[in-house]
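Trainee: This is the content of data18.cif (mmCIF, C-alpha atoms):
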```cif
data_start
loop_
_atom_site.group_PDB
_atom_site.id
_atom_site.type_symbol
_atom_site.label_atom_id
_atom_site.label_comp_id
_atom_site.auth_asym_id
_atom_site.auth_seq_id
_atom_site.Cartn_x
_atom_site.Cartn_y
_atom_site.Cartn_z
ATOM 1 C CA MET A 312 98.870 97.892 89.535
ATOM 2 C CA ALA A 313 96.048 96.750 91.791
ATOM 3 C CA SER A 314 92.504 97.466 90.647
ATOM 4 C CA HIS A 315 91.619 98.720 94.132
ATOM 5 C CA TYR A 316 93.089 99.280 97.559
ATOM 6 C CA SER A 317 92.245 101.015 100.793
ATOM 7 C CA LEU A 318 93.982 103.473 103.047
ATOM 8 C CA ILE A 319 93.163 105.586 106.050
ATOM 9 C CA GLY A 320 92.239 109.129 104.971
ATOM 10 C CA VAL A 321 93.389 112.326 106.653
ATOM 11 C CA ASP A 322 90.148 112.376 108.650
ATOM 12 C CA GLY A 323 90.770 108.836 109.943
ATOM 13 C CA HIS A 324 88.094 107.199 107.763
ATOM 14 C CA LEU A 325 88.794 104.190 105.565
ATOM 15 C CA VAL A 326 89.029 105.315 101.920
ATOM 16 C CA TRP A 327 88.741 102.906 98.985
ATOM 17 C CA GLN A 328 90.459 103.844 95.756
ATOM 18 C CA PHE A 329 89.638 102.160 92.446
ATOM 19 C CA ARG A 330 91.438 102.099 89.122
ATOM 20 C CA LEU A 331 88.906 102.771 86.355
ATOM 21 C CA GLU A 332 89.372 101.403 82.865
ATOM 22 C CA LYS A 333 87.377 102.091 79.702
ATOM 23 C CA LEU A 334 85.552 99.014 78.412
ATOM 24 C CA PRO A 335 85.991 98.055 74.755
ATOM 25 C CA ASP A 336 83.429 99.668 72.444
ATOM 26 C CA ASP A 337 81.910 96.251 71.619
ATOM 27 C CA THR A 338 81.074 95.507 75.279
ATOM 28 C CA PRO A 339 77.346 94.728 75.496
ATOM 29 C CA ALA A 340 75.346 97.101 77.657
ATOM 30 C CA LEU A 341 73.483 95.810 80.691
ATOM 31 C CA ASP A 342 69.732 95.491 80.242
ATOM 32 C CA LEU A 343 68.485 97.590 83.142
ATOM 33 C CA ALA A 344 64.838 97.109 82.131
ATOM 34 C CA ASP A 345 64.654 93.759 83.908
ATOM 35 C CA PRO A 346 67.319 93.502 86.630
ATOM 36 C CA SER A 347 66.212 89.943 87.496
ATOM 37 C CA ALA A 348 66.993 88.685 83.985
ATOM 38 C CA PRO A 349 70.376 86.948 83.730
ATOM 39 C CA PRO A 350 72.952 88.508 81.395
ATOM 40 C CA ALA A 351 73.159 86.990 77.913
ATOM 41 C CA GLY A 352 76.826 86.066 78.245
ATOM 42 C CA ASN A 353 78.893 84.921 75.288
ATOM 43 C CA PRO A 354 79.258 81.275 74.231
ATOM 44 C CA HIS A 355 82.400 82.207 72.273
ATOM 45 C CA PRO A 356 84.303 84.765 74.364
ATOM 46 C CA ARG A 357 87.082 86.560 72.563
ATOM 47 C CA ARG A 358 90.632 86.257 73.773
ATOM 48 C CA SER A 359 93.094 89.045 74.171
ATOM 49 C CA SER A 360 96.687 89.143 75.248
ATOM 50 C CA GLY A 361 98.329 91.688 77.428
ATOM 51 C CA GLN A 362 101.173 92.326 79.743
ATOM 52 C CA VAL A 363 100.633 91.925 83.471
ATOM 53 C CA GLN A 364 102.988 92.933 86.221
ATOM 54 C CA ARG A 365 102.538 90.998 89.445
ATOM 55 C CA THR A 366 104.458 90.217 92.583
ATOM 56 C CA VAL A 367 105.913 86.717 92.417
ATOM 57 C CA ARG A 368 105.366 84.851 95.653
ATOM 58 C CA THR A 369 107.696 82.167 96.963
ATOM 59 C CA THR A 370 105.445 79.102 97.091
ATOM 60 C CA ALA A 371 107.740 77.378 99.593
ATOM 61 C CA VAL A 372 107.054 80.111 102.188
ATOM 62 C CA SER A 373 103.271 79.553 102.266
ATOM 63 C CA GLU A 374 103.658 75.789 101.997
ATOM 64 C CA TRP A 375 105.990 75.735 105.013
ATOM 65 C CA VAL A 376 103.504 77.746 107.113
ATOM 66 C CA LYS A 377 100.578 75.525 106.057
ATOM 67 C CA ARG A 378 102.504 72.333 106.884
ATOM 68 C CA LYS A 379 103.615 73.818 110.220
ATOM 69 C CA HIS A 380 99.920 74.272 111.132
ATOM 70 C CA ASN A 381 98.909 70.918 109.616
ATOM 71 C CA TYR A 382 96.653 72.862 107.207
ATOM 72 C CA ALA A 383 94.398 73.951 110.109
ATOM 73 C CA CYS A 384 93.128 77.537 109.978
ATOM 74 C CA GLN A 385 94.841 79.644 112.638
ATOM 75 C CA VAL A 386 91.527 81.419 113.320
ATOM 76 C CA CYS A 387 88.751 78.800 113.241
ATOM 77 C CA ARG A 388 90.830 75.571 113.220
ATOM 78 C CA VAL A 389 88.896 74.214 110.209
ATOM 79 C CA ILE A 390 90.758 71.610 108.158
ATOM 80 C CA ILE A 391 89.539 71.156 104.596
ATOM 81 C CA GLU A 392 89.979 67.518 103.610
ATOM 82 C CA LEU A 393 90.434 66.769 99.906
ATOM 83 C CA PRO A 394 90.459 63.440 98.058
ATOM 84 C CA ALA A 395 93.471 61.158 98.430
ATOM 85 C CA GLY A 396 94.219 62.428 101.949
ATOM 86 C CA ARG A 397 95.222 65.898 100.810
ATOM 87 C CA ARG A 398 94.354 69.057 102.716
ATOM 88 C CA TYR A 399 93.698 72.627 101.620
ATOM 89 C CA ALA A 400 94.525 75.918 103.316
ATOM 90 C CA GLU A 401 95.711 79.294 102.116
ATOM 91 C CA GLY A 402 98.805 81.285 102.966
ATOM 92 C CA ALA A 403 97.607 84.789 103.875
ATOM 93 C CA HIS A 404 100.130 87.614 103.928
ATOM 94 C CA ILE A 405 99.629 89.848 106.944
ATOM 95 C CA ARG A 406 101.247 92.854 105.295
ATOM 96 C CA PRO A 407 100.255 92.564 101.634
ATOM 97 C CA LEU A 408 103.042 92.077 99.106
ATOM 98 C CA GLY A 409 101.613 94.495 96.527
ATOM 99 C CA ARG A 410 101.725 98.248 96.448
ATOM 100 C CA PRO A 411 101.358 100.374 98.439
ATOM 101 C CA HIS A 412 102.192 97.949 101.286
ATOM 102 C CA ASP A 413 105.248 96.156 99.818
ATOM 103 C CA GLY A 414 105.261 93.478 102.519
ATOM 104 C CA PRO A 415 107.946 90.805 102.695
ATOM 105 C CA ASP A 416 107.378 87.245 101.449
ATOM 106 C CA VAL A 417 108.699 85.547 104.587
ATOM 107 C CA VAL A 418 107.159 82.983 106.948
ATOM 108 C CA GLU A 419 106.749 85.586 109.727
ATOM 109 C CA ASN A 420 104.411 87.552 107.422
ATOM 110 C CA VAL A 421 102.175 84.595 106.524
ATOM 111 C CA LEU A 422 99.216 83.023 108.332
ATOM 112 C CA CYS A 423 97.611 79.654 107.544
ATOM 113 C CA LEU A 424 93.924 80.418 106.980
ATOM 114 C CA CYS A 425 90.846 78.728 105.542
ATOM 115 C CA PRO A 426 89.465 80.489 102.422
ATOM 116 C CA ASN A 427 86.681 82.228 104.390
ATOM 117 C CA ASP A 428 88.979 83.632 107.072
ATOM 118 C CA HIS A 429 91.540 84.597 104.415
ATOM 119 C CA VAL A 430 88.914 86.777 102.693
ATOM 120 C CA ARG A 431 87.768 88.185 106.044
ATOM 121 C CA PHE A 432 91.349 88.986 107.059
ATOM 122 C CA ASP A 433 92.356 90.530 103.722
ATOM 123 C CA ASN A 434 89.267 92.758 103.727
ATOM 124 C CA GLY A 435 89.515 93.886 107.338
ATOM 125 C CA LEU A 436 86.473 91.989 108.608
ATOM 126 C CA ILE A 437 88.673 90.329 111.226
ATOM 127 C CA ALA A 438 91.944 91.427 112.831
ATOM 128 C CA VAL A 439 94.324 90.242 115.533
ATOM 129 C CA THR A 440 94.880 92.302 118.698
ATOM 130 C CA LYS A 441 98.202 92.758 120.530
ATOM 131 C CA ALA A 442 97.030 90.057 122.931
ATOM 132 C CA GLY A 443 96.598 87.618 120.027
ATOM 133 C CA THR A 444 92.799 87.535 120.065
ATOM 134 C CA VAL A 445 90.871 87.604 116.814
ATOM 135 C CA VAL A 446 88.140 90.242 116.714
ATOM 136 C CA ASN A 447 85.531 91.280 114.164
ATOM 137 C CA ARG A 448 84.669 94.836 113.033
ATOM 138 C CA GLN A 449 82.343 95.275 116.031
ATOM 139 C CA GLY A 450 85.174 94.356 118.417
ATOM 140 C CA VAL A 451 83.604 91.010 119.320
ATOM 141 C CA VAL A 452 86.226 88.426 120.208
ATOM 142 C CA ILE A 453 86.005 85.455 117.856
ATOM 143 C CA GLY A 454 88.815 83.492 119.442
ATOM 144 C CA LYS A 455 92.568 83.324 119.765
ATOM 145 C CA LEU A 456 95.080 83.207 116.908
ATOM 146 C CA HIS A 457 96.476 79.678 117.099
ATOM 147 C CA LEU A 458 100.253 79.520 116.920
ATOM 148 C CA ALA A 459 102.614 76.685 116.065
ATOM 149 C CA SER A 460 105.986 76.130 117.667
ATOM 150 C CA GLY A 461 108.693 77.541 115.407
ATOM 151 C CA HIS A 462 106.357 79.813 113.445
ATOM 152 C CA ASP A 463 106.904 83.299 114.801
ATOM 153 C CA VAL A 464 104.333 85.795 113.542
ATOM 154 C CA ASP A 465 105.453 89.364 112.803
ATOM 155 C CA GLN A 466 103.787 91.389 115.563
ATOM 156 C CA VAL A 467 104.547 94.703 113.826
ATOM 157 C CA ALA A 468 102.766 93.478 110.668
ATOM 158 C CA LEU A 469 99.758 92.373 112.760
ATOM 159 C CA ALA A 470 99.653 95.784 114.481
ATOM 160 C CA ASN A 471 99.879 97.476 111.070
ATOM 161 C CA HIS A 472 96.982 95.340 109.757
ATOM 162 C CA TYR A 473 94.925 96.155 112.854
ATOM 163 C CA GLN A 474 95.532 99.897 112.455
ATOM 164 C CA ARG A 475 95.188 99.923 108.654
ATOM 165 C CA TRP A 476 91.604 98.675 108.924
ATOM 166 C CA GLY A 477 90.682 101.280 111.525
ATOM 167 C CA TYR A 478 90.473 99.016 114.569
ATOM 168 C CA THR A 479 91.012 100.780 117.878
ATOM 169 C CA PRO A 480 92.896 99.201 120.808
#
```
Take the structure I supplied and represent it as structure tokens, if you would.

Mentor:
Amino acid sequence: MASHYSLIGVDGHLVWQFRLEKLPDDTPALDLADPSAPPAGNPHPRRSSGQVQRTVRTTAVSEWVKRKHNYACQVCRVIIELPAGRRYAEGAHIRPLGRPHDGPDVVENVLCLCPNDHVRFDNGLIAVTKAGTVVNRQGVVIGKLHLASGHDVDQVALANHYQRWGYTP
């Protein structure tokens, strides 16, 4: 289960919901007396095991999209060059795979984004209009979503993303 997610409330406002968990009794308390002081930390953190349920992504889907765009961000066109001629980009799902969205893990539901634009997209700071322009929360046009021949983007998923974050046409 996700630790947090958002949805549009009955009044049309964006509502964030968080899963709260009790901390272990031996968790050190924050020293609120001096908020500028760094936390003590723990040079020997304890380990614990647990069971995690997660959605398993098909790596080949994101890799195909990133190669199709030559690892260039579809929003800002940045290419992150790594040593040995490698490149880095992230496969961003338009309709999230996890609950409550249950999006598909298919190439039409994936964008090739730089890390910054991936975070902006996933958190609703940028969205794509029906016309394919990328806008920020204030409605300012940032640019055009760059497309690659053979990579069809799911327009319904983009419209859902746009609406889910409270953008208005």

Trainee: Show me a table, sorted first by chain and then by increasing residue number, of the residues of range 362-441 of chain A having an atom at most 12 Å from range 323-337 of chain A, each with its shortest atom pair and the distance in Å to one decimal, counting only C-alpha atoms and written as a tab-separated table.

Mentor:
```
residue	atom	partner	partner_atom	distance
A:Pro411	CA	A:Gln328	CA	11.7
A:Asn434	CA	A:Trp327	CA	11.2
A:Gly435	CA	A:Leu325	CA	10.5
```

Trainee: Could you work out how far CA of Ala468 in chain A lies from CA of Asp413 in chain A, giving the answer in Å with one decimal?

Mentor: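 Here the two named atoms are 11.4 Å from each other.
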
Trainee: Need the shell around Gly461 in chain A: protein/DNA/RNA residues with any atom at most 12 Å away, counting all atoms listed in the file. Skip same-chain ones fewer than 5 positions apart. Format as number ranges by chain?

Mentor: A: 375-376, 378-380, 418-419

Trainee: Keeping only C-alpha atoms, write the selected residues as a short mmCIF file (atom, residue, chain, number, x, y, z; two decimals), keeping the file's coordinate frame.

Mentor:
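Just written: out25.cif:
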```
data_model
loop_
_atom_site.label_atom_id
_atom_site.label_comp_id
_atom_site.auth_asym_id
_atom_site.auth_seq_id
_atom_site.Cartn_x
_atom_site.Cartn_y
_atom_site.Cartn_z
CA TRP A 375 105.99 75.74 105.01
CA VAL A 376 103.50 77.75 107.11
CA ARG A 378 102.50 72.33 106.88
CA LYS A 379 103.62 73.82 110.22
CA HIS A 380 99.92 74.27 111.13
CA VAL A 418 107.16 82.98 106.95
CA GLU A 419 106.75 85.59 109.73
#
```

Trainee: Apply the PyMOL selection byres ((chain A and resi 410) around 10) to the file shown and report the selected residues as a PDB file with C-alpha atoms, in the frame of the given file.

Mentor:
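Result file out25.pdb:
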```
ATOM      1  CA  MET A 312      98.870  97.892  89.535  1.00  0.00           C
ATOM      2  CA  ALA A 313      96.048  96.750  91.791  1.00  0.00           C
ATOM      3  CA  TYR A 316      93.089  99.280  97.559  1.00  0.00           C
ATOM      4  CA  THR A 366     104.458  90.217  92.583  1.00  0.00           C
ATOM      5  CA  PRO A 407     100.255  92.564 101.634  1.00  0.00           C
ATOM      6  CA  LEU A 408     103.042  92.077  99.106  1.00  0.00           C
ATOM      7  CA  GLY A 409     101.613  94.495  96.527  1.00  0.00           C
ATOM      8  CA  PRO A 411     101.358 100.374  98.439  1.00  0.00           C
ATOM      9  CA  HIS A 412     102.192  97.949 101.286  1.00  0.00           C
ATOM     10  CA  ASP A 413     105.248  96.156  99.818  1.00  0.00           C
ATOM     11  CA  GLY A 414     105.261  93.478 102.519  1.00  0.00           C
TER      12      GLY A 414
END
```

Trainee: Write out as a PyMOL selection string each polymer residue whose atoms come within 12 Å of Thr370 in chain A, counting only C-alpha atoms; drop sequence neighbours fewer than 5 positions from it.

Mentor: chain A and resi 375-377+401-403+416-418+421

Trainee: Step by step, work through what the PyMOL selection byres ((chain A and resi 448-459) around 10) selects in the shown file, and finish by giving those residues as a PyMOL selection string.

Mentor: chain A and resi 376+379-381+383-388+422-423+435-440+442-447+460-464+476-480

Trainee: Nearest to His472 in chain A among A:Lys441, A:Arg431, A:Arg406, A:Arg397, with distances taken over all atoms listed in the file: which residue is it?

Mentor: A:Arg406

Trainee: How many Å lie between CA of Arg357 in chain A and CA of Thr338 in chain A, rounded to one decimal?

Mentor: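 Separation between CA of Arg357 in chain A and CA of Thr338 in chain A: 11.1 Å.
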
Trainee: Would you compute the distance between CA of Ser314 in chain A and CA of Gln466 in chain A? Give it in Å to one decimal.

Mentor: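 Separation between CA of Ser314 in chain A and CA of Gln466 in chain A: 28.0 Å.
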
Trainee: Pull the neighbourhood of (87.9, 72.9, 106.9) for me: all residues within 10 Å in file coordinates, counting all atoms listed in the file, as a short mmCIF file (atom, residue, chain, number, x, y, z; two decimals) with C-alpha atoms, in the coordinates of the input.

Mentor:
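Printed below is out33.cif as written:
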```
data_model
loop_
_atom_site.label_atom_id
_atom_site.label_comp_id
_atom_site.auth_asym_id
_atom_site.auth_seq_id
_atom_site.Cartn_x
_atom_site.Cartn_y
_atom_site.Cartn_z
CA TYR A 382 96.65 72.86 107.21
CA ALA A 383 94.40 73.95 110.11
CA CYS A 384 93.13 77.54 109.98
CA CYS A 387 88.75 78.80 113.24
CA ARG A 388 90.83 75.57 113.22
CA VAL A 389 88.90 74.21 110.21
CA ILE A 390 90.76 71.61 108.16
CA ILE A 391 89.54 71.16 104.60
CA GLU A 392 89.98 67.52 103.61
CA LEU A 393 90.43 66.77 99.91
CA ARG A 398 94.35 69.06 102.72
CA TYR A 399 93.70 72.63 101.62
CA ALA A 400 94.52 75.92 103.32
CA LEU A 424 93.92 80.42 106.98
CA CYS A 425 90.85 78.73 105.54
CA PRO A 426 89.46 80.49 102.42
CA ASN A 427 86.68 82.23 104.39
#
```

Trainee: Pick from A:Ala371, A:Val363, A:Ala340, A:Ile405: nearest to Tyr473 in chain A, with only C-alpha atoms counted?

Mentor: A:Ile405

Trainee: Looking at A:His404, A:Gln474, A:Gly320, A:Leu469, which one is nearest to Arg368 in chain A, with distances taken over all atoms listed in the file?

Mentor: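 Selected residue with least distance to Arg368 in chain A: A:His404.
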
Trainee: Report as AutoDock Vina command-line options the centre and the edge lengths, in Å to one decimal, of the axis-aligned box holding every listed atom of range 312-321 of chain A, padded by 4 Å on each side.

Mentor:
```
--center_x 95.2 --center_y 104.5 --center_z 98.1 --size_x 15.3 --size_y 23.6 --size_z 25.1
```
